[in-house]
$ cat start11.pdb   # PDB, C-alpha atoms and all ligand atoms
ATOM      1  CA  GLY C   1      54.667 -40.434   4.241  1.00  0.00           C
ATOM      2  CA  GLN C   2      57.882 -39.542   6.018  1.00  0.00           C
ATOM      3  CA  HIS C   3      57.377 -35.840   5.324  1.00  0.00           C
ATOM      4  CA  LEU C   4      53.806 -35.927   6.640  1.00  0.00           C
ATOM      5  CA  ARG C   5      54.894 -37.687   9.830  1.00  0.00           C
ATOM      6  CA  LYS C   6      56.713 -34.446  10.707  1.00  0.00           C
ATOM      7  CA  VAL C   7      53.367 -32.621  10.927  1.00  0.00           C
ATOM      8  CA  LEU C   8      50.839 -35.414  11.641  1.00  0.00           C
ATOM      9  CA  ALA C   9      50.756 -38.167  14.248  1.00  0.00           C
ATOM     10  CA  PRO C  10      49.729 -41.560  12.783  1.00  0.00           C
ATOM     11  CA  CYS C  11      46.043 -41.317  11.799  1.00  0.00           C
ATOM     12  CA  ARG C  12      43.697 -42.259   8.985  1.00  0.00           C
ATOM     13  CA  VAL C  13      44.295 -40.399   5.736  1.00  0.00           C
ATOM     14  CA  ALA C  14      41.574 -40.210   3.078  1.00  0.00           C
ATOM     15  CA  VAL C  15      43.325 -39.569  -0.230  1.00  0.00           C
ATOM     16  CA  ILE C  16      41.002 -37.728  -2.633  1.00  0.00           C
ATOM     17  CA  THR C  17      42.107 -37.864  -6.258  1.00  0.00           C
ATOM     18  CA  ASP C  18      40.746 -37.941  -9.803  1.00  0.00           C
ATOM     19  CA  SER C  19      40.575 -40.459 -12.633  1.00  0.00           C
ATOM     20  CA  THR C  20      43.645 -38.974 -14.372  1.00  0.00           C
ATOM     21  CA  VAL C  21      45.958 -38.917 -11.362  1.00  0.00           C
ATOM     22  CA  ALA C  22      44.856 -42.146  -9.639  1.00  0.00           C
ATOM     23  CA  PRO C  23      46.459 -44.506 -12.198  1.00  0.00           C
ATOM     24  CA  LEU C  24      49.681 -42.447 -12.129  1.00  0.00           C
ATOM     25  CA  TYR C  25      50.365 -41.796  -8.449  1.00  0.00           C
ATOM     26  CA  LEU C  26      47.729 -43.208  -6.073  1.00  0.00           C
ATOM     27  CA  LYS C  27      49.541 -46.498  -5.452  1.00  0.00           C
ATOM     28  CA  THR C  28      52.855 -44.738  -4.764  1.00  0.00           C
ATOM     29  CA  VAL C  29      51.275 -42.255  -2.369  1.00  0.00           C
ATOM     30  CA  THR C  30      49.256 -44.935  -0.558  1.00  0.00           C
ATOM     31  CA  GLY C  31      52.370 -47.105  -0.142  1.00  0.00           C
ATOM     32  CA  SER C  32      54.416 -44.181   1.144  1.00  0.00           C
ATOM     33  CA  LEU C  33      51.749 -43.181   3.671  1.00  0.00           C
ATOM     34  CA  GLU C  34      51.226 -46.752   4.884  1.00  0.00           C
ATOM     35  CA  GLY C  35      54.995 -47.206   5.162  1.00  0.00           C
ATOM     36  CA  ALA C  36      55.084 -44.207   7.521  1.00  0.00           C
ATOM     37  CA  GLY C  37      52.347 -45.620   9.783  1.00  0.00           C
ATOM     38  CA  PHE C  38      49.194 -44.013   8.365  1.00  0.00           C
ATOM     39  CA  THR C  39      46.011 -45.976   7.580  1.00  0.00           C
ATOM     40  CA  VAL C  40      44.864 -45.041   4.107  1.00  0.00           C
ATOM     41  CA  CYS C  41      41.576 -45.045   2.184  1.00  0.00           C
ATOM     42  CA  SER C  42      40.979 -43.344  -1.153  1.00  0.00           C
ATOM     43  CA  TYR C  43      38.199 -41.840  -3.243  1.00  0.00           C
ATOM     44  CA  THR C  44      38.545 -41.164  -6.986  1.00  0.00           C
ATOM     45  CA  PHE C  45      36.162 -38.867  -8.906  1.00  0.00           C
ATOM     46  CA  PRO C  46      35.970 -38.218 -12.676  1.00  0.00           C
ATOM     47  CA  ALA C  47      38.678 -35.713 -13.715  1.00  0.00           C
ATOM     48  CA  GLY C  48      37.689 -32.244 -14.895  1.00  0.00           C
ATOM     49  CA  GLU C  49      36.106 -28.944 -13.897  1.00  0.00           C
ATOM     50  CA  GLY C  50      32.682 -30.555 -14.533  1.00  0.00           C
ATOM     51  CA  SER C  51      33.172 -32.483 -11.273  1.00  0.00           C
ATOM     52  CA  LYS C  52      33.611 -29.336  -9.156  1.00  0.00           C
ATOM     53  CA  ASN C  53      30.010 -29.355  -7.954  1.00  0.00           C
ATOM     54  CA  PHE C  54      27.627 -30.325  -5.136  1.00  0.00           C
ATOM     55  CA  THR C  55      27.224 -33.888  -6.430  1.00  0.00           C
ATOM     56  CA  THR C  56      30.948 -34.671  -6.116  1.00  0.00           C
ATOM     57  CA  LEU C  57      31.192 -32.810  -2.808  1.00  0.00           C
ATOM     58  CA  ALA C  58      28.290 -34.832  -1.369  1.00  0.00           C
ATOM     59  CA  ALA C  59      29.833 -38.097  -2.599  1.00  0.00           C
ATOM     60  CA  ILE C  60      33.168 -37.259  -0.928  1.00  0.00           C
ATOM     61  CA  LEU C  61      31.457 -36.266   2.344  1.00  0.00           C
ATOM     62  CA  GLU C  62      29.437 -39.524   2.366  1.00  0.00           C
ATOM     63  CA  PHE C  63      32.674 -41.434   1.717  1.00  0.00           C
ATOM     64  CA  LEU C  64      34.430 -39.747   4.663  1.00  0.00           C
ATOM     65  CA  ALA C  65      31.470 -40.610   6.895  1.00  0.00           C
ATOM     66  CA  GLU C  66      31.317 -44.239   5.649  1.00  0.00           C
ATOM     67  CA  GLN C  67      35.025 -44.515   6.461  1.00  0.00           C
ATOM     68  CA  ARG C  68      34.245 -43.080   9.918  1.00  0.00           C
ATOM     69  CA  LEU C  69      36.957 -40.459   9.794  1.00  0.00           C
ATOM     70  CA  THR C  70      37.163 -38.393  12.973  1.00  0.00           C
ATOM     71  CA  ARG C  71      38.492 -34.915  13.721  1.00  0.00           C
ATOM     72  CA  THR C  72      41.922 -36.374  14.440  1.00  0.00           C
ATOM     73  CA  ASP C  73      42.115 -37.830  10.909  1.00  0.00           C
ATOM     74  CA  CYS C  74      43.133 -36.093   7.707  1.00  0.00           C
ATOM     75  CA  VAL C  75      42.159 -35.587   4.065  1.00  0.00           C
ATOM     76  CA  ALA C  76      44.894 -35.536   1.401  1.00  0.00           C
ATOM     77  CA  ALA C  77      44.278 -33.836  -1.955  1.00  0.00           C
ATOM     78  CA  LEU C  78      46.316 -35.656  -4.610  1.00  0.00           C
ATOM     79  CA  GLY C  79      46.087 -33.857  -7.938  1.00  0.00           C
ATOM     80  CA  GLY C  80      45.575 -30.486  -9.589  1.00  0.00           C
ATOM     81  CA  GLY C  81      43.440 -27.460  -8.851  1.00  0.00           C
ATOM     82  CA  VAL C  82      40.045 -29.172  -9.046  1.00  0.00           C
ATOM     83  CA  THR C  83      41.137 -31.929  -6.658  1.00  0.00           C
ATOM     84  CA  GLY C  84      42.640 -29.434  -4.219  1.00  0.00           C
ATOM     85  CA  ASP C  85      39.382 -27.472  -4.191  1.00  0.00           C
ATOM     86  CA  MET C  86      37.151 -30.543  -3.813  1.00  0.00           C
ATOM     87  CA  ALA C  87      39.215 -32.261  -1.129  1.00  0.00           C
ATOM     88  CA  GLY C  88      39.870 -28.990   0.711  1.00  0.00           C
ATOM     89  CA  PHE C  89      36.201 -27.958   0.763  1.00  0.00           C
ATOM     90  CA  ALA C  90      35.138 -31.453   1.852  1.00  0.00           C
ATOM     91  CA  ALA C  91      37.692 -31.303   4.694  1.00  0.00           C
ATOM     92  CA  ALA C  92      36.397 -27.854   5.693  1.00  0.00           C
ATOM     93  CA  CYS C  93      32.767 -29.138   5.831  1.00  0.00           C
ATOM     94  CA  TYR C  94      33.206 -32.634   7.257  1.00  0.00           C
ATOM     95  CA  LEU C  95      32.579 -32.634  11.029  1.00  0.00           C
ATOM     96  CA  ARG C  96      32.758 -28.813  10.726  1.00  0.00           C
ATOM     97  CA  GLY C  97      36.398 -29.090   9.666  1.00  0.00           C
ATOM     98  CA  ILE C  98      39.185 -31.662   9.746  1.00  0.00           C
ATOM     99  CA  ARG C  99      42.793 -31.322   8.629  1.00  0.00           C
ATOM    100  CA  CYS C 100      43.791 -31.378   4.995  1.00  0.00           C
ATOM    101  CA  VAL C 101      47.148 -31.739   3.260  1.00  0.00           C
ATOM    102  CA  GLN C 102      47.705 -30.729  -0.338  1.00  0.00           C
ATOM    103  CA  LEU C 103      49.798 -32.901  -2.680  1.00  0.00           C
ATOM    104  CA  PRO C 104      49.849 -30.884  -5.918  1.00  0.00           C
ATOM    105  CA  THR C 105      50.677 -32.776  -9.135  1.00  0.00           C
ATOM    106  CA  THR C 106      50.189 -29.977 -11.696  1.00  0.00           C
ATOM    107  CA  LEU C 107      52.157 -26.775 -12.228  1.00  0.00           C
ATOM    108  CA  LEU C 108      48.989 -24.749 -11.583  1.00  0.00           C
ATOM    109  CA  SER C 109      48.350 -26.325  -8.211  1.00  0.00           C
ATOM    110  CA  ALA C 110      52.062 -26.169  -7.315  1.00  0.00           C
ATOM    111  CA  VAL C 111      52.491 -22.444  -7.987  1.00  0.00           C
ATOM    112  CA  ASP C 112      49.069 -21.249  -6.862  1.00  0.00           C
ATOM    113  CA  SER C 113      46.017 -23.225  -5.819  1.00  0.00           C
ATOM    114  CA  SER C 114      47.537 -25.627  -3.264  1.00  0.00           C
ATOM    115  CA  VAL C 115      48.812 -22.692  -1.189  1.00  0.00           C
ATOM    116  CA  GLY C 116      46.688 -20.201   0.734  1.00  0.00           C
ATOM    117  CA  GLY C 117      43.692 -22.237   1.845  1.00  0.00           C
ATOM    118  CA  LYS C 118      41.069 -21.246  -0.735  1.00  0.00           C
ATOM    119  CA  THR C 119      38.672 -24.099  -1.523  1.00  0.00           C
ATOM    120  CA  ALA C 120      35.452 -23.962  -3.554  1.00  0.00           C
ATOM    121  CA  ILE C 121      32.963 -25.558  -5.898  1.00  0.00           C
ATOM    122  CA  ASP C 122      31.282 -23.956  -8.911  1.00  0.00           C
ATOM    123  CA  LEU C 123      27.583 -23.011  -8.848  1.00  0.00           C
ATOM    124  CA  THR C 124      25.293 -22.700 -11.878  1.00  0.00           C
ATOM    125  CA  ALA C 125      25.692 -18.929 -11.499  1.00  0.00           C
ATOM    126  CA  GLY C 126      29.483 -19.045 -11.773  1.00  0.00           C
ATOM    127  CA  LYS C 127      32.884 -20.309 -10.740  1.00  0.00           C
ATOM    128  CA  ASN C 128      34.064 -20.836  -7.149  1.00  0.00           C
ATOM    129  CA  LEU C 129      30.882 -19.308  -5.685  1.00  0.00           C
ATOM    130  CA  ALA C 130      30.630 -21.624  -2.648  1.00  0.00           C
ATOM    131  CA  GLY C 131      33.637 -22.541  -0.553  1.00  0.00           C
ATOM    132  CA  ALA C 132      35.714 -22.002   2.547  1.00  0.00           C
ATOM    133  CA  PHE C 133      39.136 -20.915   3.679  1.00  0.00           C
ATOM    134  CA  LEU C 134      40.975 -23.918   5.149  1.00  0.00           C
ATOM    135  CA  GLN C 135      44.723 -23.603   5.540  1.00  0.00           C
ATOM    136  CA  PRO C 136      46.393 -26.927   4.718  1.00  0.00           C
ATOM    137  CA  ALA C 137      48.370 -28.667   7.469  1.00  0.00           C
ATOM    138  CA  ALA C 138      51.081 -29.147   4.833  1.00  0.00           C
ATOM    139  CA  VAL C 139      51.683 -28.720   1.120  1.00  0.00           C
ATOM    140  CA  LEU C 140      54.079 -31.280  -0.378  1.00  0.00           C
ATOM    141  CA  CYS C 141      55.088 -30.650  -3.948  1.00  0.00           C
ATOM    142  CA  ASP C 142      57.044 -33.380  -5.775  1.00  0.00           C
ATOM    143  CA  THR C 143      58.144 -31.662  -8.970  1.00  0.00           C
ATOM    144  CA  ASP C 144      58.880 -35.021 -10.637  1.00  0.00           C
ATOM    145  CA  CYS C 145      55.089 -35.171 -11.158  1.00  0.00           C
ATOM    146  CA  LEU C 146      55.355 -32.310 -13.649  1.00  0.00           C
ATOM    147  CA  ARG C 147      56.984 -34.747 -16.082  1.00  0.00           C
ATOM    148  CA  SER C 148      53.654 -36.504 -16.620  1.00  0.00           C
ATOM    149  CA  LEU C 149      51.842 -33.277 -17.599  1.00  0.00           C
ATOM    150  CA  PRO C 150      50.647 -32.815 -21.192  1.00  0.00           C
ATOM    151  CA  ALA C 151      51.961 -29.507 -22.661  1.00  0.00           C
ATOM    152  CA  GLU C 152      48.443 -28.000 -22.536  1.00  0.00           C
ATOM    153  CA  VAL C 153      48.154 -28.687 -18.800  1.00  0.00           C
ATOM    154  CA  PHE C 154      51.675 -27.376 -18.116  1.00  0.00           C
ATOM    155  CA  ALA C 155      50.671 -24.181 -19.968  1.00  0.00           C
ATOM    156  CA  ASP C 156      47.713 -23.769 -17.597  1.00  0.00           C
ATOM    157  CA  GLY C 157      50.126 -23.477 -14.695  1.00  0.00           C
ATOM    158  CA  ALA C 158      52.468 -21.224 -16.667  1.00  0.00           C
ATOM    159  CA  ALA C 159      49.684 -18.615 -16.834  1.00  0.00           C
ATOM    160  CA  GLU C 160      49.334 -18.508 -13.021  1.00  0.00           C
ATOM    161  CA  ALA C 161      53.119 -18.412 -12.618  1.00  0.00           C
ATOM    162  CA  ILE C 162      53.435 -15.540 -15.104  1.00  0.00           C
ATOM    163  CA  LYS C 163      50.668 -13.753 -13.159  1.00  0.00           C
ATOM    164  CA  THR C 164      52.876 -14.003 -10.073  1.00  0.00           C
ATOM    165  CA  GLY C 165      55.837 -12.743 -12.106  1.00  0.00           C
ATOM    166  CA  VAL C 166      53.829  -9.671 -13.098  1.00  0.00           C
ATOM    167  CA  LEU C 167      52.856  -9.069  -9.463  1.00  0.00           C
ATOM    168  CA  ASP C 168      56.163  -9.868  -7.775  1.00  0.00           C
ATOM    169  CA  ASP C 169      59.305  -8.513  -9.394  1.00  0.00           C
ATOM    170  CA  GLU C 170      61.260  -8.310 -12.600  1.00  0.00           C
ATOM    171  CA  GLY C 171      63.611 -11.071 -11.412  1.00  0.00           C
ATOM    172  CA  LEU C 172      60.826 -13.653 -11.362  1.00  0.00           C
ATOM    173  CA  PHE C 173      59.322 -12.364 -14.597  1.00  0.00           C
ATOM    174  CA  ALA C 174      62.737 -12.696 -16.284  1.00  0.00           C
ATOM    175  CA  LEU C 175      62.676 -16.453 -15.514  1.00  0.00           C
ATOM    176  CA  PHE C 176      59.804 -16.798 -17.976  1.00  0.00           C
ATOM    177  CA  GLU C 177      61.709 -14.908 -20.643  1.00  0.00           C
ATOM    178  CA  ASP C 178      64.873 -17.026 -20.347  1.00  0.00           C
ATOM    179  CA  GLY C 179      63.093 -20.428 -20.289  1.00  0.00           C
ATOM    180  CA  THR C 180      63.808 -21.285 -16.626  1.00  0.00           C
ATOM    181  CA  LEU C 181      60.193 -22.360 -16.178  1.00  0.00           C
ATOM    182  CA  THR C 182      60.744 -25.381 -18.404  1.00  0.00           C
ATOM    183  CA  THR C 183      64.369 -26.148 -17.524  1.00  0.00           C
ATOM    184  CA  ALA C 184      64.216 -25.549 -13.731  1.00  0.00           C
ATOM    185  CA  PRO C 185      60.561 -25.341 -12.660  1.00  0.00           C
ATOM    186  CA  ASP C 186      61.549 -25.905  -8.998  1.00  0.00           C
ATOM    187  CA  GLU C 187      63.051 -22.428  -8.799  1.00  0.00           C
ATOM    188  CA  VAL C 188      59.972 -20.786 -10.323  1.00  0.00           C
ATOM    189  CA  ILE C 189      57.625 -22.767  -8.052  1.00  0.00           C
ATOM    190  CA  ALA C 190      59.648 -21.848  -4.952  1.00  0.00           C
ATOM    191  CA  ARG C 191      59.577 -18.145  -5.818  1.00  0.00           C
ATOM    192  CA  CYS C 192      55.848 -18.165  -6.613  1.00  0.00           C
ATOM    193  CA  VAL C 193      55.034 -19.982  -3.351  1.00  0.00           C
ATOM    194  CA  ARG C 194      57.278 -17.687  -1.287  1.00  0.00           C
ATOM    195  CA  TYR C 195      55.556 -14.611  -2.750  1.00  0.00           C
ATOM    196  CA  LYS C 196      52.043 -16.035  -2.324  1.00  0.00           C
ATOM    197  CA  ALA C 197      52.722 -17.217   1.239  1.00  0.00           C
ATOM    198  CA  GLY C 198      53.740 -13.665   2.188  1.00  0.00           C
ATOM    199  CA  VAL C 199      50.572 -12.180   0.710  1.00  0.00           C
ATOM    200  CA  VAL C 200      48.331 -14.786   2.395  1.00  0.00           C
ATOM    201  CA  GLU C 201      50.050 -14.317   5.770  1.00  0.00           C
ATOM    202  CA  ARG C 202      49.272 -10.595   5.579  1.00  0.00           C
ATOM    203  CA  ASP C 203      45.708 -10.931   4.215  1.00  0.00           C
ATOM    204  CA  GLU C 204      44.362 -14.473   4.578  1.00  0.00           C
ATOM    205  CA  LYS C 205      40.682 -13.647   3.931  1.00  0.00           C
ATOM    206  CA  GLU C 206      41.246 -11.373   0.921  1.00  0.00           C
ATOM    207  CA  GLN C 207      40.204  -8.063   2.430  1.00  0.00           C
ATOM    208  CA  GLY C 208      42.932  -6.151   0.604  1.00  0.00           C
ATOM    209  CA  GLU C 209      46.341  -7.224  -0.707  1.00  0.00           C
ATOM    210  CA  ARG C 210      45.270 -10.790  -1.588  1.00  0.00           C
ATOM    211  CA  LYS C 211      42.951  -9.362  -4.247  1.00  0.00           C
ATOM    212  CA  LEU C 212      46.135  -8.825  -6.282  1.00  0.00           C
ATOM    213  CA  LEU C 213      46.338 -12.614  -6.739  1.00  0.00           C
ATOM    214  CA  THR C 214      43.118 -12.505  -8.736  1.00  0.00           C
ATOM    215  CA  LEU C 215      44.821 -10.455 -11.447  1.00  0.00           C
ATOM    216  CA  GLY C 216      43.229 -11.453 -14.769  1.00  0.00           C
ATOM    217  CA  HIS C 217      40.669 -13.673 -13.031  1.00  0.00           C
ATOM    218  CA  THR C 218      37.549 -11.482 -13.425  1.00  0.00           C
ATOM    219  CA  ALA C 219      37.600 -11.817 -17.205  1.00  0.00           C
ATOM    220  CA  GLY C 220      39.156 -15.282 -16.891  1.00  0.00           C
ATOM    221  CA  HIS C 221      36.303 -16.702 -14.801  1.00  0.00           C
ATOM    222  CA  ALA C 222      33.761 -15.210 -17.233  1.00  0.00           C
ATOM    223  CA  ILE C 223      35.586 -16.864 -20.150  1.00  0.00           C
ATOM    224  CA  GLU C 224      35.581 -20.227 -18.367  1.00  0.00           C
ATOM    225  CA  LYS C 225      31.869 -20.023 -17.556  1.00  0.00           C
ATOM    226  CA  CYS C 226      30.835 -18.829 -21.019  1.00  0.00           C
ATOM    227  CA  SER C 227      32.797 -21.675 -22.614  1.00  0.00           C
ATOM    228  CA  GLY C 228      30.932 -24.181 -20.433  1.00  0.00           C
ATOM    229  CA  TYR C 229      34.347 -24.819 -18.790  1.00  0.00           C
ATOM    230  CA  ALA C 230      35.726 -26.132 -22.114  1.00  0.00           C
ATOM    231  CA  ILE C 231      38.480 -23.477 -21.809  1.00  0.00           C
ATOM    232  CA  PRO C 232      40.589 -24.509 -18.819  1.00  0.00           C
ATOM    233  CA  HIS C 233      41.339 -22.164 -15.924  1.00  0.00           C
ATOM    234  CA  GLY C 234      44.943 -21.315 -16.820  1.00  0.00           C
ATOM    235  CA  HIS C 235      44.147 -20.617 -20.462  1.00  0.00           C
ATOM    236  CA  ALA C 236      41.243 -18.374 -19.407  1.00  0.00           C
ATOM    237  CA  VAL C 237      43.480 -16.574 -16.904  1.00  0.00           C
ATOM    238  CA  ALA C 238      46.081 -16.026 -19.655  1.00  0.00           C
ATOM    239  CA  ALA C 239      43.394 -14.375 -21.793  1.00  0.00           C
ATOM    240  CA  GLY C 240      42.193 -12.398 -18.758  1.00  0.00           C
ATOM    241  CA  LEU C 241      45.740 -11.172 -18.080  1.00  0.00           C
ATOM    242  CA  ALA C 242      46.036  -9.969 -21.689  1.00  0.00           C
ATOM    243  CA  ILE C 243      42.671  -8.184 -21.468  1.00  0.00           C
ATOM    244  CA  ILE C 244      43.496  -6.406 -18.191  1.00  0.00           C
ATOM    245  CA  ALA C 245      47.021  -5.499 -19.368  1.00  0.00           C
ATOM    246  CA  ARG C 246      45.625  -3.888 -22.530  1.00  0.00           C
ATOM    247  CA  SER C 247      42.982  -2.044 -20.466  1.00  0.00           C
ATOM    248  CA  ALA C 248      45.615  -0.810 -18.009  1.00  0.00           C
ATOM    249  CA  GLU C 249      47.818   0.432 -20.837  1.00  0.00           C
ATOM    250  CA  ALA C 250      44.836   2.176 -22.493  1.00  0.00           C
ATOM    251  CA  LEU C 251      44.049   3.953 -19.199  1.00  0.00           C
TER     252      LEU C 251
HETATM  253  N1  LIG C 301      44.359 -18.007  -6.504  1.00  0.00           N
HETATM  254  C1  LIG C 301      44.259 -16.761  -5.870  1.00  0.00           C
HETATM  255  C2  LIG C 301      44.298 -16.837  -4.372  1.00  0.00           C
HETATM  256  O1  LIG C 301      44.578 -17.886  -3.814  1.00  0.00           O
HETATM  257  O2  LIG C 301      44.051 -15.857  -3.715  1.00  0.00           O
END
$ encode --input "start11.pdb" --output "structure tokens" --more "lines below"
Ligand code: GLY
Amino acid sequence: GQHLRKVLAPCRVAVITDSTVAPLYLKTVTGSLEGAGFTVCSYTFPAGEGSKNFTTLAAILEFLAEQRLTRTDCVAALGGGVTGDMAGFAAACYLRGIRCVQLPTTLLSAVDSSVGGKTAIDLTAGKNLAGAFLQPAAVLCDTDCLRSLPAEVFADGAAEAIKTGVLDDEGLFALFEDGTLTTAPDEVIARCVRYKAGVVERDEKEQGERKLLTLGHTAGHAIEKCSGYAIPHGHAVAAGLAIIARSAEAL
């Protein structure tokens, strides 16, 4: 709450979260926001990529309208990549766009998806096919949240971080080889965010340089879709990175 007061005057904040994160952190976040003078309401949807669709989007938009949020109010995405996408896209659509803050709780959302303003839902035809660019008013990453991540979910984020290591420089990549990601994730997150912020500042709407950030994602998205989203995003991106690296070497 105190951090958000630096960028937002007191207003209503609609915290959007999922059924995994709500029992862990919703009460803490609500208390912190209320303690800083915000009025808080919250909406929780079932966790998982299966929720990243029109039905959930419509439910969130109806909730924002029932709560009578105005353009001076704010949406807060509390959770991982799916929550950031859902809350961000809802904020971009509601009243033709209200502010959104991102509160990432997974490694994947900390190193990648909470930064840069991409929001989307999946269509039957494929992943992330409807969405909007909405730059968050703030991204607040409390790395203590990473302690509650199952190893499988941590690994999802590792894939996106390693992607950034491949794109950025050998210094960042070396942090994956010496174990820094697990012992000092803050340093890895900071470097990934700094790199991504630079790319997005130069090419917000992905006309050129930002396409680099989709390294491994063409095959990765196909793998996710063909598995019926049983293979999570980070694991699919890891496979996609391996496929594109082998192809590049072969060429
Ligand atoms: N996750 C890739 C991008 O934000 O451009």
$ resolve_selection --input "start11.pdb" --expression "the PyMOL selection byres (((chain C and resi 195-210) around 8) and not hetatm)" --output "list in words"
Asp112, Val115, Gly116, Phe133, Thr164, Asp168, Arg191, Cys192, Val193, Arg194, Lys211, Leu212, Leu213 and Thr214 of chain C
$ write_last_selection --input "start11.pdb" --atoms "C-alpha atoms" --output "PDB file, keeping the file's coordinate frame"
ATOM      1  CA  ASP C 112      49.069 -21.249  -6.862  1.00  0.00           C
ATOM      2  CA  VAL C 115      48.812 -22.692  -1.189  1.00  0.00           C
ATOM      3  CA  GLY C 116      46.688 -20.201   0.734  1.00  0.00           C
ATOM      4  CA  PHE C 133      39.136 -20.915   3.679  1.00  0.00           C
ATOM      5  CA  THR C 164      52.876 -14.003 -10.073  1.00  0.00           C
ATOM      6  CA  ASP C 168      56.163  -9.868  -7.775  1.00  0.00           C
ATOM      7  CA  ARG C 191      59.577 -18.145  -5.818  1.00  0.00           C
ATOM      8  CA  CYS C 192      55.848 -18.165  -6.613  1.00  0.00           C
ATOM      9  CA  VAL C 193      55.034 -19.982  -3.351  1.00  0.00           C
ATOM     10  CA  ARG C 194      57.278 -17.687  -1.287  1.00  0.00           C
ATOM     11  CA  LYS C 211      42.951  -9.362  -4.247  1.00  0.00           C
ATOM     12  CA  LEU C 212      46.135  -8.825  -6.282  1.00  0.00           C
ATOM     13  CA  LEU C 213      46.338 -12.614  -6.739  1.00  0.00           C
ATOM     14  CA  THR C 214      43.118 -12.505  -8.736  1.00  0.00           C
TER      15      THR C 214
END
$ resolve_selection --input "start11.pdb" --expression "the PyMOL selection byres (((chain C and resi 144) around 12) and not hetatm)" --output "MDAnalysis selection string"
chainID C and resid 24:25 104:107 110 140:143 145:149 184:186
$ resolve_selection --input "start11.pdb" --expression "the PyMOL selection byres (((chain C and resi 8) around 12) and not hetatm)" --output "PyMOL selection string"
chain C and resi 1-7+9-13+33+36-38+72-76+99-101+136-138
$ closest_residue --input "start11.pdb" --among "C:Leu69, C:Cys226, C:Ala87, C:Ala77" --to "Thr124 (chain C)" --atoms "only C-alpha atoms"
C:Cys226
$ closest_residue --input "start11.pdb" --among "C:Thr218, C:Ser247, C:Thr180, C:Ser227" --to "ligand LIG 301 (chain C)" --atoms "all atoms listed in the file"
C:Thr218
$ residues_around --input "start11.pdb" --residues "Val139 (chain C)" --least-positions-apart "4" --cutoff "7 Å" --atoms "only C-alpha atoms" --output "ChimeraX atom specification"
/C:101-103,114
$ atom_distance --input "start11.pdb" --atom1 "CA of Lys27 (chain C)" --atom2 "CA of Thr182 (chain C)"
27.2 Å
$ closest_residue --input "start11.pdb" --among "C:Ala125, C:Val188, C:Leu78, C:Leu251" --to "Asn53 (chain C)" --atoms "only C-alpha atoms"
C:Ala125
$ closest_residue --input "start11.pdb" --among "C:Asp122, C:Glu62, C:Glu152, C:Glu160" --to "ligand LIG 301 (chain C)" --atoms "only C-alpha atoms and all ligand atoms"
C:Glu160
$ residues_around --input "start11.pdb" --residues "Lys163 (chain C)" --least-positions-apart "2" --cutoff "9 Å" --atoms "all atoms listed in the file" --output "NGL selection string"
:C and (158-161 or 165-168 or 173 or 213-216 or 237-238 or 241)
$ closest_residue --input "start11.pdb" --among "C:Thr17, C:Asn128, C:Thr30, C:Ser109" --to "Ile60 (chain C)" --atoms "all atoms listed in the file"
C:Thr17
$ residues_around --input "start11.pdb" --residues "Leu95 (chain C)" --least-positions-apart "6" --cutoff "10 Å" --atoms "all atoms listed in the file" --output "MDAnalysis selection string"
chainID C and resid 61 64:65 69:71
$ atom_distance --input "start11.pdb" --atom1 "CA of Val40 (chain C)" --atom2 "CA of Met86 (chain C)"
18.2 Å
$ residues_around --input "start11.pdb" --residues "Ala242 (chain C)" --least-positions-apart "6" --cutoff "10 Å" --atoms "all atoms listed in the file" --output "PDB file with C-alpha atoms, in the coordinates of the input"
ATOM      1  CA  GLY C 216      43.229 -11.453 -14.769  1.00  0.00           C
ATOM      2  CA  ALA C 219      37.600 -11.817 -17.205  1.00  0.00           C
ATOM      3  CA  GLY C 220      39.156 -15.282 -16.891  1.00  0.00           C
ATOM      4  CA  ALA C 236      41.243 -18.374 -19.407  1.00  0.00           C
ATOM      5  CA  ALA C 248      45.615  -0.810 -18.009  1.00  0.00           C
TER       6      ALA C 248
END
$ closest_residue --input "start11.pdb" --among "C:Val111, C:Ala230, C:Ala174, C:Ile189" --to "ligand LIG 301 (chain C)" --atoms "only C-alpha atoms and all ligand atoms"
C:Val111
$ atom_distance --input "start11.pdb" --atom1 "CA of Tyr94 (chain C)" --atom2 "CA of Leu108 (chain C)"
25.8 Å
$ axis_aligned_box --input "start11.pdb" --around "region 176-187 of chain C" --padding-each-side "4 Å" --output "JSON"
{"center_x": 62.3, "center_y": -20.5, "center_z": -14.7, "size_x": 13.1, "size_y": 19.2, "size_z": 19.8}
$ build_atoms --input "start11.pdb" --residues "region 41-46 of chain C" --atoms "N, CA and C atoms" --output "short mmCIF file (atom, residue, chain, number, x, y, z; two decimals), in the frame of the given file"
data_model
loop_
_atom_site.label_atom_id
_atom_site.label_comp_id
_atom_site.auth_asym_id
_atom_site.auth_seq_id
_atom_site.Cartn_x
_atom_site.Cartn_y
_atom_site.Cartn_z
N CYS C 41 42.68 -44.69 3.07
CA CYS C 41 41.58 -45.04 2.18
C CYS C 41 41.59 -44.01 1.07
N SER C 42 40.92 -44.30 -0.04
CA SER C 42 40.98 -43.34 -1.15
C SER C 42 39.65 -43.26 -1.88
N TYR C 43 39.41 -42.08 -2.45
CA TYR C 43 38.20 -41.84 -3.24
C TYR C 43 38.62 -41.15 -4.54
N THR C 44 38.18 -41.72 -5.68
CA THR C 44 38.54 -41.16 -6.99
C THR C 44 37.28 -40.66 -7.70
N PHE C 45 37.32 -39.41 -8.16
CA PHE C 45 36.16 -38.87 -8.91
C PHE C 45 36.58 -38.59 -10.36
N PRO C 46 35.62 -38.45 -11.27
CA PRO C 46 35.97 -38.22 -12.68
C PRO C 46 36.72 -36.89 -12.85
#
